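protein24.txt follows; it contains compact mmCIF, C-alpha atoms and all ligand atoms.
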```txt
# COMPACT_ATOMS: atom_id res chain seq x y z
CA MET A 2 -108.25 -159.33 -32.19
CA GLY A 3 -107.93 -156.83 -34.97
CA LEU A 4 -109.69 -156.48 -38.26
CA ILE A 5 -106.80 -157.87 -40.27
CA GLU A 6 -104.27 -160.36 -38.89
CA ILE A 7 -101.67 -161.89 -41.15
CA THR A 8 -99.10 -164.28 -39.76
CA ASP A 9 -95.95 -165.47 -41.51
CA LEU A 10 -97.44 -164.86 -44.92
CA TYR A 11 -95.67 -165.72 -48.18
CA LYS A 12 -96.41 -164.98 -51.81
CA ILE A 13 -93.87 -166.68 -53.98
CA TYR A 14 -94.07 -166.60 -57.76
CA ALA A 15 -92.53 -169.49 -59.70
CA GLU A 16 -91.54 -171.18 -56.46
CA GLY A 17 -88.57 -173.51 -56.77
CA MET A 18 -87.80 -172.30 -60.29
CA GLU A 19 -84.83 -170.31 -61.44
CA ASN A 20 -86.92 -167.15 -61.74
CA GLU A 21 -88.53 -167.49 -58.30
CA VAL A 22 -89.74 -164.19 -56.81
CA ARG A 23 -90.51 -163.95 -53.11
CA ALA A 24 -92.88 -160.99 -53.33
CA LEU A 25 -93.90 -161.46 -49.69
CA ASP A 26 -91.32 -163.32 -47.69
CA GLY A 27 -92.84 -164.14 -44.33
CA VAL A 28 -94.73 -161.05 -43.17
CA SER A 29 -96.89 -160.62 -40.09
CA LEU A 30 -99.12 -157.61 -39.61
CA SER A 31 -102.19 -156.63 -37.70
CA ILE A 32 -104.52 -153.76 -38.56
CA ASP A 33 -107.48 -152.57 -36.49
CA TYR A 34 -110.80 -151.07 -37.44
CA GLY A 35 -110.52 -147.35 -38.06
CA GLU A 36 -106.79 -147.22 -38.74
CA PHE A 37 -105.21 -145.18 -41.53
CA VAL A 38 -102.15 -147.20 -42.54
CA ALA A 39 -99.71 -146.42 -45.31
CA ILE A 40 -97.80 -149.34 -46.77
CA VAL A 41 -94.73 -147.80 -48.30
CA GLY A 42 -91.68 -149.12 -50.11
CA ALA A 43 -89.73 -148.98 -53.35
CA SER A 44 -91.16 -150.33 -56.58
CA GLY A 45 -91.11 -154.12 -56.49
CA SER A 46 -91.00 -154.34 -52.69
CA GLY A 47 -94.29 -156.26 -52.57
CA LYS A 48 -96.82 -153.53 -51.76
CA SER A 49 -99.39 -154.38 -54.43
CA THR A 50 -99.03 -158.08 -53.70
CA MET A 51 -99.79 -157.32 -50.07
CA MET A 52 -102.83 -155.21 -50.88
CA ASN A 53 -104.20 -157.78 -53.30
CA ILE A 54 -103.99 -160.47 -50.66
CA LEU A 55 -105.42 -158.27 -47.90
CA GLY A 56 -108.25 -157.37 -50.28
CA CYS A 57 -109.01 -161.01 -51.15
CA LEU A 58 -108.13 -160.32 -54.79
CA ASP A 59 -105.31 -162.87 -54.63
CA ILE A 60 -104.34 -165.82 -52.47
CA PRO A 61 -101.10 -166.25 -50.52
CA THR A 62 -98.72 -169.13 -51.21
CA ARG A 63 -98.54 -169.88 -47.47
CA GLY A 64 -99.38 -168.32 -44.17
CA GLU A 65 -102.43 -167.32 -42.27
CA TYR A 66 -104.80 -164.47 -42.99
CA MET A 67 -107.60 -163.80 -40.53
CA LEU A 68 -110.17 -161.21 -41.51
CA ASP A 69 -112.65 -160.46 -38.74
CA ASP A 70 -111.35 -163.49 -36.83
CA ILE A 71 -112.15 -165.93 -39.63
CA PRO A 72 -109.41 -167.57 -41.73
CA VAL A 73 -109.74 -166.34 -45.30
CA ALA A 74 -108.28 -169.62 -46.59
CA HIS A 75 -111.37 -171.46 -45.33
CA ARG A 76 -113.79 -169.22 -47.15
CA THR A 77 -115.53 -170.29 -50.33
CA GLU A 78 -115.32 -168.28 -53.54
CA ARG A 79 -118.87 -167.10 -52.87
CA GLU A 80 -117.99 -165.86 -49.40
CA LEU A 81 -114.93 -164.04 -50.69
CA ALA A 82 -117.06 -162.23 -53.25
CA GLU A 83 -119.43 -161.36 -50.43
CA ILE A 84 -116.54 -159.95 -48.36
CA ARG A 85 -115.36 -157.83 -51.29
CA SER A 86 -118.90 -156.66 -51.77
CA ARG A 87 -119.71 -155.75 -48.15
CA LYS A 88 -116.41 -154.90 -46.53
CA ILE A 89 -113.76 -153.73 -48.94
CA SER A 90 -113.57 -151.12 -51.67
CA PHE A 91 -110.57 -150.59 -53.89
CA ILE A 92 -109.03 -147.56 -55.48
CA PHE A 93 -106.46 -148.37 -58.14
CA GLN A 94 -103.79 -146.30 -59.81
CA GLY A 95 -105.45 -146.94 -63.16
CA TYR A 96 -108.98 -146.12 -61.84
CA ASN A 97 -110.53 -149.32 -63.22
CA LEU A 98 -113.83 -147.82 -64.26
CA ILE A 99 -115.97 -149.68 -66.79
CA PRO A 100 -115.79 -147.79 -70.11
CA SER A 101 -119.19 -148.87 -71.42
CA LEU A 102 -121.02 -147.45 -68.38
CA ASN A 103 -121.46 -143.77 -67.63
CA VAL A 104 -120.20 -142.19 -64.43
CA TRP A 105 -123.20 -142.71 -62.19
CA GLN A 106 -123.73 -146.23 -63.49
CA ASN A 107 -120.13 -147.02 -62.58
CA VAL A 108 -120.72 -145.70 -59.09
CA ALA A 109 -123.99 -147.63 -58.78
CA LEU A 110 -122.66 -150.98 -60.05
CA PRO A 111 -121.26 -152.35 -56.76
CA MET A 112 -124.58 -151.56 -55.12
CA THR A 113 -126.34 -153.93 -57.53
CA TYR A 114 -124.06 -156.68 -56.17
CA GLN A 115 -124.95 -155.63 -52.63
CA GLY A 116 -128.64 -155.97 -53.43
CA VAL A 117 -129.47 -152.28 -53.03
CA LYS A 118 -132.86 -151.48 -54.56
CA PRO A 119 -132.68 -149.82 -58.00
CA ALA A 120 -134.56 -146.75 -56.76
CA GLN A 121 -131.94 -146.14 -54.09
CA ARG A 122 -128.91 -146.81 -56.26
CA TYR A 123 -129.21 -143.68 -58.34
CA GLN A 124 -129.70 -141.47 -55.30
CA ARG A 125 -126.80 -142.98 -53.41
CA ALA A 126 -124.57 -142.75 -56.50
CA MET A 127 -125.44 -139.07 -56.89
CA ASP A 128 -124.80 -138.43 -53.19
CA ALA A 129 -121.38 -140.09 -53.47
CA LEU A 130 -120.57 -138.08 -56.60
CA ASP A 131 -121.61 -134.99 -54.69
CA ALA A 132 -119.22 -135.88 -51.87
CA VAL A 133 -116.31 -135.82 -54.33
CA GLY A 134 -117.63 -132.75 -56.15
CA ILE A 135 -118.35 -134.26 -59.54
CA THR A 136 -122.14 -134.55 -59.96
CA ALA A 137 -121.96 -132.46 -63.14
CA LYS A 138 -120.25 -135.39 -64.88
CA ALA A 139 -122.81 -138.02 -63.83
CA GLU A 140 -123.91 -138.73 -67.40
CA SER A 141 -120.43 -138.63 -68.97
CA ARG A 142 -118.39 -141.62 -69.99
CA PRO A 143 -115.21 -142.25 -67.99
CA THR A 144 -113.08 -141.65 -71.10
CA GLN A 145 -114.43 -138.10 -71.32
CA LEU A 146 -112.95 -137.24 -67.91
CA SER A 147 -109.48 -136.19 -66.77
CA GLY A 148 -107.43 -138.57 -64.63
CA GLY A 149 -108.24 -136.69 -61.44
CA GLN A 150 -111.95 -136.77 -62.26
CA GLN A 151 -111.84 -140.49 -63.02
CA GLN A 152 -110.12 -141.14 -59.72
CA ARG A 153 -112.81 -139.15 -57.91
CA VAL A 154 -115.43 -141.32 -59.62
CA ALA A 155 -113.57 -144.39 -58.38
CA ILE A 156 -113.62 -142.92 -54.87
CA ALA A 157 -117.32 -142.16 -55.19
CA ARG A 158 -117.83 -145.80 -56.17
CA ALA A 159 -116.08 -146.78 -52.93
CA ILE A 160 -118.07 -144.28 -50.86
CA ALA A 161 -121.42 -145.41 -52.26
CA THR A 162 -120.86 -148.99 -51.10
CA ALA A 163 -120.36 -147.77 -47.51
CA SER A 164 -117.54 -150.33 -47.11
CA PRO A 165 -115.78 -150.13 -43.75
CA ILE A 166 -112.40 -150.66 -45.46
CA ILE A 167 -110.87 -148.81 -48.41
CA MET A 168 -107.68 -150.11 -49.98
CA ALA A 169 -105.93 -147.72 -52.36
CA ASP A 170 -102.97 -148.83 -54.49
CA GLU A 171 -100.99 -145.76 -55.59
CA PRO A 172 -104.22 -143.75 -55.98
CA THR A 173 -102.30 -140.60 -56.86
CA GLY A 174 -99.71 -142.34 -59.00
CA ALA A 175 -101.11 -141.09 -62.29
CA LEU A 176 -102.12 -137.63 -61.06
CA ASP A 177 -100.36 -134.28 -60.81
CA SER A 178 -99.50 -133.22 -57.27
CA LYS A 179 -102.41 -130.80 -56.80
CA THR A 180 -105.00 -133.31 -57.98
CA GLY A 181 -103.26 -136.00 -55.98
CA GLN A 182 -103.54 -133.81 -52.91
CA GLN A 183 -107.31 -133.49 -53.41
CA VAL A 184 -107.62 -137.26 -53.65
CA LEU A 185 -105.64 -137.70 -50.42
CA ASP A 186 -107.78 -135.08 -48.68
CA ILE A 187 -110.91 -137.04 -49.62
CA LEU A 188 -109.36 -140.22 -48.19
CA ARG A 189 -108.47 -138.38 -44.98
CA GLY A 190 -112.03 -137.15 -44.75
CA LEU A 191 -113.33 -140.71 -45.09
CA HIS A 192 -110.94 -141.83 -42.38
CA GLY A 193 -112.35 -139.05 -40.19
CA LEU A 194 -115.77 -140.65 -40.69
CA GLY A 195 -114.47 -143.98 -39.41
CA THR A 196 -113.41 -145.81 -42.58
CA THR A 197 -110.31 -147.99 -42.28
CA ILE A 198 -107.87 -146.84 -44.94
CA ILE A 199 -104.95 -148.84 -46.30
CA LEU A 200 -102.92 -146.64 -48.60
CA ILE A 201 -100.21 -148.12 -50.80
CA THR A 202 -97.54 -145.74 -52.02
CA HIS A 203 -93.88 -145.59 -53.01
CA ASP A 204 -93.83 -141.90 -51.96
CA ASN A 205 -92.75 -141.09 -48.40
CA GLY A 206 -94.41 -137.68 -48.66
CA ILE A 207 -97.75 -139.34 -49.32
CA ALA A 208 -97.19 -141.94 -46.60
CA ALA A 209 -96.73 -139.00 -44.20
CA LYS A 210 -100.51 -138.39 -44.49
CA ALA A 211 -101.23 -141.64 -42.67
CA GLU A 212 -101.31 -142.35 -38.96
CA ARG A 213 -99.18 -145.45 -39.24
CA VAL A 214 -96.44 -146.29 -41.69
CA VAL A 215 -95.50 -149.86 -42.57
CA ARG A 216 -92.41 -150.11 -44.74
CA LEU A 217 -91.78 -153.04 -47.05
CA GLN A 218 -88.45 -153.96 -48.54
CA ASP A 219 -87.91 -157.05 -50.69
CA GLY A 220 -91.01 -158.70 -49.28
CA HIS A 221 -90.15 -158.02 -45.63
CA ILE A 222 -91.62 -155.50 -43.21
CA VAL A 223 -88.62 -153.44 -42.15
CA GLU A 224 -90.46 -150.72 -40.26
CA ASP A 225 -93.84 -150.29 -38.59
CA ARG A 226 -94.34 -147.06 -36.70
CA PRO A 227 -97.08 -144.65 -35.70
CA ASN A 228 -97.01 -141.36 -37.59
CA ILE A 229 -98.33 -137.91 -36.88
CA PRO A 230 -99.84 -136.72 -40.15
CA ASP A 231 -98.33 -133.50 -41.53
CA GLU A 232 -101.52 -131.52 -41.12
CA SER A 233 -101.88 -132.38 -37.43
CA ARG A 234 -98.25 -131.48 -36.86
CA ALA A 235 -98.70 -128.10 -38.48
CA LEU A 236 -101.80 -127.57 -36.38
CA ASN A 237 -99.94 -128.36 -33.16
CA ALA A 238 -97.07 -126.07 -34.10
CA ASN A 239 -99.51 -123.19 -34.46
CA LEU A 240 -100.99 -123.67 -31.01
CA MET B 2 -123.02 -171.32 -101.18
CA ALA B 3 -124.93 -171.33 -97.88
CA ALA B 4 -122.12 -173.23 -96.19
CA ILE B 5 -119.59 -170.66 -97.33
CA ALA B 6 -121.77 -167.84 -96.05
CA LEU B 7 -122.09 -169.54 -92.68
CA LEU B 8 -118.37 -170.15 -92.52
CA VAL B 9 -117.49 -166.55 -93.37
CA GLY B 10 -120.06 -165.25 -90.91
CA GLY B 11 -118.86 -167.59 -88.21
CA ILE B 12 -115.24 -166.58 -88.66
CA GLY B 13 -116.23 -162.91 -88.56
CA ILE B 14 -118.10 -163.31 -85.30
CA MET B 15 -115.26 -165.37 -83.85
CA ASN B 16 -112.72 -162.64 -84.64
CA ILE B 17 -114.75 -159.89 -83.05
CA MET B 18 -115.37 -162.00 -79.98
CA LEU B 19 -111.71 -162.95 -79.55
CA VAL B 20 -110.57 -159.34 -79.88
CA THR B 21 -112.82 -158.35 -77.02
CA VAL B 22 -111.77 -161.19 -74.73
CA THR B 23 -108.93 -159.18 -73.18
CA GLU B 24 -111.11 -156.16 -72.71
CA ARG B 25 -113.84 -158.33 -71.25
CA THR B 26 -111.39 -160.06 -68.95
CA ARG B 27 -110.37 -156.75 -67.40
CA GLU B 28 -114.01 -155.78 -67.05
CA ILE B 29 -114.72 -159.06 -65.29
CA GLY B 30 -111.73 -158.43 -63.02
CA ILE B 31 -113.19 -155.04 -62.08
CA LYS B 32 -116.59 -156.57 -61.45
CA LYS B 33 -115.12 -159.26 -59.23
CA ALA B 34 -113.11 -156.67 -57.31
CA ILE B 35 -116.23 -154.64 -56.61
CA GLY B 36 -118.08 -157.68 -55.33
CA ALA B 37 -119.75 -159.54 -58.20
CA GLN B 38 -120.46 -163.23 -57.70
CA ARG B 39 -119.25 -165.50 -60.48
CA ARG B 40 -122.74 -166.67 -61.39
CA VAL B 41 -123.91 -163.05 -61.74
CA ILE B 42 -121.11 -162.32 -64.20
CA ILE B 43 -121.79 -165.44 -66.26
CA GLY B 44 -125.53 -164.78 -66.22
CA GLN B 45 -125.03 -161.26 -67.51
CA PHE B 46 -122.82 -162.44 -70.36
CA LEU B 47 -125.33 -165.16 -71.22
CA VAL B 48 -128.17 -162.67 -71.56
CA GLU B 49 -126.03 -160.20 -73.46
CA SER B 50 -124.67 -162.65 -76.00
CA THR B 51 -128.06 -164.33 -76.52
CA VAL B 52 -129.74 -161.02 -77.29
CA LEU B 53 -126.88 -159.82 -79.49
CA SER B 54 -126.50 -162.97 -81.55
CA GLY B 55 -130.29 -163.47 -81.70
CA CYS B 56 -130.71 -159.99 -83.21
CA GLY B 57 -127.76 -160.63 -85.50
CA GLY B 58 -129.32 -163.89 -86.64
CA VAL B 59 -132.67 -162.23 -87.44
CA ILE B 60 -131.00 -159.40 -89.35
CA GLY B 61 -128.87 -161.93 -91.22
CA ILE B 62 -131.93 -163.94 -92.26
CA LEU B 63 -133.75 -160.83 -93.48
CA ILE B 64 -130.72 -159.81 -95.53
CA GLY B 65 -130.43 -163.36 -96.81
CA TYR B 66 -134.06 -163.41 -98.02
CA ALA B 67 -133.79 -159.95 -99.60
CA GLY B 68 -130.51 -160.92 -101.25
CA SER B 69 -131.82 -164.11 -102.80
CA LEU B 70 -134.98 -162.41 -104.02
CA ILE B 71 -133.07 -159.58 -105.67
CA LEU B 72 -130.27 -161.69 -107.09
CA GLY B 73 -132.71 -164.39 -108.24
CA LYS B 74 -134.72 -161.79 -110.08
CA LEU B 75 -131.69 -160.09 -111.64
CA ILE B 76 -129.73 -163.15 -112.64
CA TYR B 77 -132.26 -165.87 -113.31
CA ASP B 78 -135.45 -163.80 -113.54
CA LEU B 79 -136.95 -166.22 -111.02
CA ILE B 80 -138.34 -165.81 -107.54
CA LEU B 81 -135.82 -167.61 -105.36
CA MET B 82 -136.64 -168.14 -101.69
CA PRO B 83 -134.28 -169.85 -99.27
CA GLU B 84 -136.02 -172.77 -97.61
CA VAL B 85 -137.24 -172.36 -94.08
CA TRP B 86 -134.94 -175.04 -92.70
CA MET B 87 -131.97 -173.11 -94.11
CA ALA B 88 -133.02 -169.93 -92.37
CA ALA B 89 -133.64 -171.81 -89.14
CA ALA B 90 -130.25 -173.49 -89.36
CA ALA B 91 -128.53 -170.17 -90.00
CA PHE B 92 -130.30 -168.63 -87.03
CA LEU B 93 -129.38 -171.44 -84.68
CA PHE B 94 -125.83 -171.39 -85.98
CA SER B 95 -125.38 -167.69 -85.31
CA LEU B 96 -126.99 -168.08 -81.89
CA ALA B 97 -124.66 -170.92 -80.98
CA ILE B 98 -121.55 -169.13 -82.21
CA GLY B 99 -122.54 -165.88 -80.52
CA VAL B 100 -123.43 -167.42 -77.18
CA GLY B 101 -120.42 -169.71 -77.27
CA PHE B 102 -117.91 -166.96 -77.90
CA GLY B 103 -119.78 -164.51 -75.70
CA LEU B 104 -119.72 -166.88 -72.75
CA TYR B 105 -116.15 -168.03 -73.27
CA PRO B 106 -114.45 -164.99 -71.68
CA ALA B 107 -117.02 -164.88 -68.89
CA VAL B 108 -116.60 -168.50 -67.89
CA LYS B 109 -112.83 -168.32 -68.18
CA ALA B 110 -112.15 -164.93 -66.57
CA SER B 111 -114.70 -165.25 -63.80
CA GLY B 112 -112.87 -168.34 -62.58
CA LEU B 113 -109.56 -166.47 -62.26
CA GLN B 114 -108.37 -164.74 -59.13
CA PRO B 115 -109.55 -161.14 -59.54
CA VAL B 116 -105.97 -159.90 -59.60
CA ASP B 117 -105.18 -162.08 -62.61
CA ALA B 118 -108.27 -160.91 -64.50
CA LEU B 119 -107.37 -157.29 -63.73
CA ARG B 120 -103.87 -157.80 -65.08
CA ALA B 121 -105.09 -158.78 -68.55
CA ASP B 122 -103.78 -156.49 -71.29
N1 LIG A 301 -97.92 -162.15 -61.44
C1 LIG A 301 -96.61 -162.05 -61.12
N2 LIG A 301 -95.74 -162.97 -61.58
C2 LIG A 301 -94.43 -162.93 -61.26
N3 LIG A 301 -93.88 -161.98 -60.48
C3 LIG A 301 -94.69 -161.03 -59.99
C4 LIG A 301 -96.10 -161.00 -60.28
N4 LIG A 301 -96.65 -159.95 -59.67
C5 LIG A 301 -95.64 -159.33 -59.01
N5 LIG A 301 -94.46 -159.97 -59.22
C6 LIG A 301 -93.15 -159.62 -58.64
O1 LIG A 301 -93.29 -159.53 -57.24
C7 LIG A 301 -92.54 -158.45 -56.74
C8 LIG A 301 -93.42 -157.51 -55.95
O2 LIG A 301 -94.32 -156.88 -56.86
P1 LIG A 301 -95.39 -155.82 -56.39
O3 LIG A 301 -96.14 -156.37 -55.24
O4 LIG A 301 -96.18 -155.42 -57.58
O5 LIG A 301 -94.47 -154.63 -55.89
P2 LIG A 301 -94.82 -153.09 -55.67
O6 LIG A 301 -96.30 -152.92 -55.72
O7 LIG A 301 -94.22 -152.79 -54.33
O8 LIG A 301 -94.13 -152.35 -56.75
C9 LIG A 301 -91.87 -157.80 -57.92
O9 LIG A 301 -90.55 -158.32 -58.04
C10 LIG A 301 -92.70 -158.25 -59.08
O10 LIG A 301 -91.95 -158.31 -60.26
MG MG A 302 -97.46 -151.75 -56.99
```
Using the file provided, produce a representation of the structure as structure tokens.
Amino acid sequence: MGLIEITDLYKIYAEGMENEVRALDGVSLSIDYGEFVAIVGASGSGKSTMMNILGCLDIPTRGEYMLDDIPVAHRTERELAEIRSRKISFIFQGYNLIPSLNVWQNVALPMTYQGVKPAQRYQRAMDALDAVGITAKAESRPTQLSGGQQQRVAIARAIATASPIIMADEPTGALDSKTGQQVLDILRGLHGLGTTIILITHDNGIAAKAERVVRLQDGHIVEDRPNIPDESRALNANL
Amino acid sequence: MAAIALLVGGIGIMNIMLVTVTERTREIGIKKAIGAQRRVIIGQFLVESTVLSGCGGVIGILIGYAGSLILGKLIYDLILMPEVWMAAAAFLFSLAIGVGFGLYPAVKASGLQPVDALRAD
């Protein structure tokens, strides 16, 4: 069995009402450890809803979700927090850094929830900031940084936790294309190190960076195919 | 006089606290997303609001004493001192208001699904 198995999953807002929205309308999907999957689709197709459920940030209306062979529905609130703490890190379009903490404190915060010793937190935060090339800003406040820098801090926060899974919802959505490219390169690098990456995007060009593309349309999966990332293709063409 | 002061102070604290509820809700959403347990979030808010409103209470009492001494001297040419029970009541009142309104967003938002707390704006 895979890492993530969802079967006939629904997320329905205002069910039975006039304004009912079937954000996920019976989807089944399986993702293995180490995959780099892009979930792609137009705005409103259900991508964020899917990521939020896969990431245990939200609960489905119906359907089964097995994470590591255990039904998520049977987990307690405590266990779900534990899963988010140990297994999954998120990267959001809007960065979601905490404004009252400086950069390295933001990166270190999830480690406090993991029970990492204070002495190690600072070092690991600085190492993660180093990996995304932004140690010089360690003492700055998030609001003093550009969007691209803030997103790199958010990635450093994910790296520092050493989560096996990273879920990114439109991580380049608020960035210019060059900065966005840097962010994607960092994600590819993490995938190369074995991290499972689930990348949400409305942009086919960005989805082309992944090794598998799952396409959503109106809450349905309409396509699920392996993909050869652009860079590998270019490499092969040169051989 | 004292009752009015308490009322005004209480309303002031309440306003500040309510304004920050949305902001705090998002922050709690972020903390839940990055793995915080509910009890950790509530505990942090409890400590924070106790310290803040405790300090506020002490400062308020000092200002209150200074104010009555100065005004008493100027207006009545008497040494007026608020009674100890008044100061104690004011302190407890500010502590209760501060902790109550400090804990309110934490208890509420930490019980939401993280996605709903993150959506707050
Ligand atoms: N909290 C909510 N309440 C009601 N409808 C929602 C809510 N969240 C999302 N939706 C609706 O569900 C659908 C899918 O949304 P979403 O998953 O955010 O799509 P995407 O991320 O692909 O743009 C949209 O029609 C959206 O309006
Ligand atoms: Mg979305």
message: Give me, as a VMD selection string, all polymer residues having an atom no more than 12 Å from Thr113 in chain A, counting only C-alpha atoms and skipping those fewer than 3 positions away in the same chain.
response: (chain A and resid 86 to 87 106 to 110 116 to 123 125 to 126 158 161 to 162) or (chain B and resid 32 35 to 38 41 to 42)
Can you tell me which residues come within 9 Å of ligand LIG 301 (chain A) when counting all atoms listed in the file, ideally as an mmCIF file with C-alpha atoms, in the frame of the given file?
```
data_model
loop_
_atom_site.group_PDB
_atom_site.id
_atom_site.type_symbol
_atom_site.label_atom_id
_atom_site.label_comp_id
_atom_site.auth_asym_id
_atom_site.auth_seq_id
_atom_site.Cartn_x
_atom_site.Cartn_y
_atom_site.Cartn_z
ATOM 1 C CA LYS A 12 -96.410 -164.980 -51.810
ATOM 2 C CA ILE A 13 -93.870 -166.680 -53.980
ATOM 3 C CA TYR A 14 -94.070 -166.600 -57.760
ATOM 4 C CA ALA A 15 -92.530 -169.490 -59.700
ATOM 5 C CA ASN A 20 -86.920 -167.150 -61.740
ATOM 6 C CA GLU A 21 -88.530 -167.490 -58.300
ATOM 7 C CA VAL A 22 -89.740 -164.190 -56.810
ATOM 8 C CA ARG A 23 -90.510 -163.950 -53.110
ATOM 9 C CA ALA A 24 -92.880 -160.990 -53.330
ATOM 10 C CA LEU A 25 -93.900 -161.460 -49.690
ATOM 11 C CA VAL A 41 -94.730 -147.800 -48.300
ATOM 12 C CA GLY A 42 -91.680 -149.120 -50.110
ATOM 13 C CA ALA A 43 -89.730 -148.980 -53.350
ATOM 14 C CA SER A 44 -91.160 -150.330 -56.580
ATOM 15 C CA GLY A 45 -91.110 -154.120 -56.490
ATOM 16 C CA SER A 46 -91.000 -154.340 -52.690
ATOM 17 C CA GLY A 47 -94.290 -156.260 -52.570
ATOM 18 C CA LYS A 48 -96.820 -153.530 -51.760
ATOM 19 C CA SER A 49 -99.390 -154.380 -54.430
ATOM 20 C CA THR A 50 -99.030 -158.080 -53.700
ATOM 21 C CA MET A 51 -99.790 -157.320 -50.070
ATOM 22 C CA MET A 52 -102.830 -155.210 -50.880
ATOM 23 C CA ASN A 53 -104.200 -157.780 -53.300
ATOM 24 C CA ASP A 170 -102.970 -148.830 -54.490
ATOM 25 C CA GLU A 171 -100.990 -145.760 -55.590
ATOM 26 C CA ILE A 201 -100.210 -148.120 -50.800
ATOM 27 C CA THR A 202 -97.540 -145.740 -52.020
ATOM 28 C CA HIS A 203 -93.880 -145.590 -53.010
ATOM 29 C CA LEU A 217 -91.780 -153.040 -47.050
ATOM 30 C CA GLN A 218 -88.450 -153.960 -48.540
ATOM 31 C CA ASP A 219 -87.910 -157.050 -50.690
ATOM 32 C CA GLY A 220 -91.010 -158.700 -49.280
ATOM 33 C CA VAL B 116 -105.970 -159.900 -59.600
ATOM 34 C CA ASP B 117 -105.180 -162.080 -62.610
ATOM 35 C CA ARG B 120 -103.870 -157.800 -65.080
#
```
- request: Mind checking which residues fall within 12 Å of range 98-110 of chain B, counting only C-alpha atoms, ignoring those fewer than 5 positions away in the same chain, and posting them as a count of residues only?
  value: 57
task: Using all atoms listed in the file, determine which residues of chain A fall within 8 Å of chain B; present them as number ranges by chain.
output: A: 53, 58-60, 79, 82-87, 90-91, 97-99, 111, 114-115
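Between Gly61 in chain B and the candidates B:Val9, B:Ala88, B:Asp78, B:Ala97, the tightest atom-to-atom separation, counting all atoms listed in the file, involves B:Ala88.
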field: Atomic separation - CA of Thr173 in chain A relative to CA of Phe93 in chain A, Å
entry: 8.9 Å
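Nearest to ligand MG 302 (chain A) of all the residues A:Gly35, A:Gly95, A:Pro100, A:Gly149 is A:Gly95, based on all atoms listed in the file.
From CA of Val73 in chain A back to atom MG of ligand MG 302 (chain A), the distance works out to 22.4 Å.
The space between CA of Glu36 in chain A and CA of Ile187 in chain A spans 15.5 Å.
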- request: Compile the contact shell of range 136-142 of chain A as a count of residues only: residues with an atom at most 6 Å away, counting all atoms listed in the file, same-chain residues fewer than 3 positions apart removed.
  value: 6
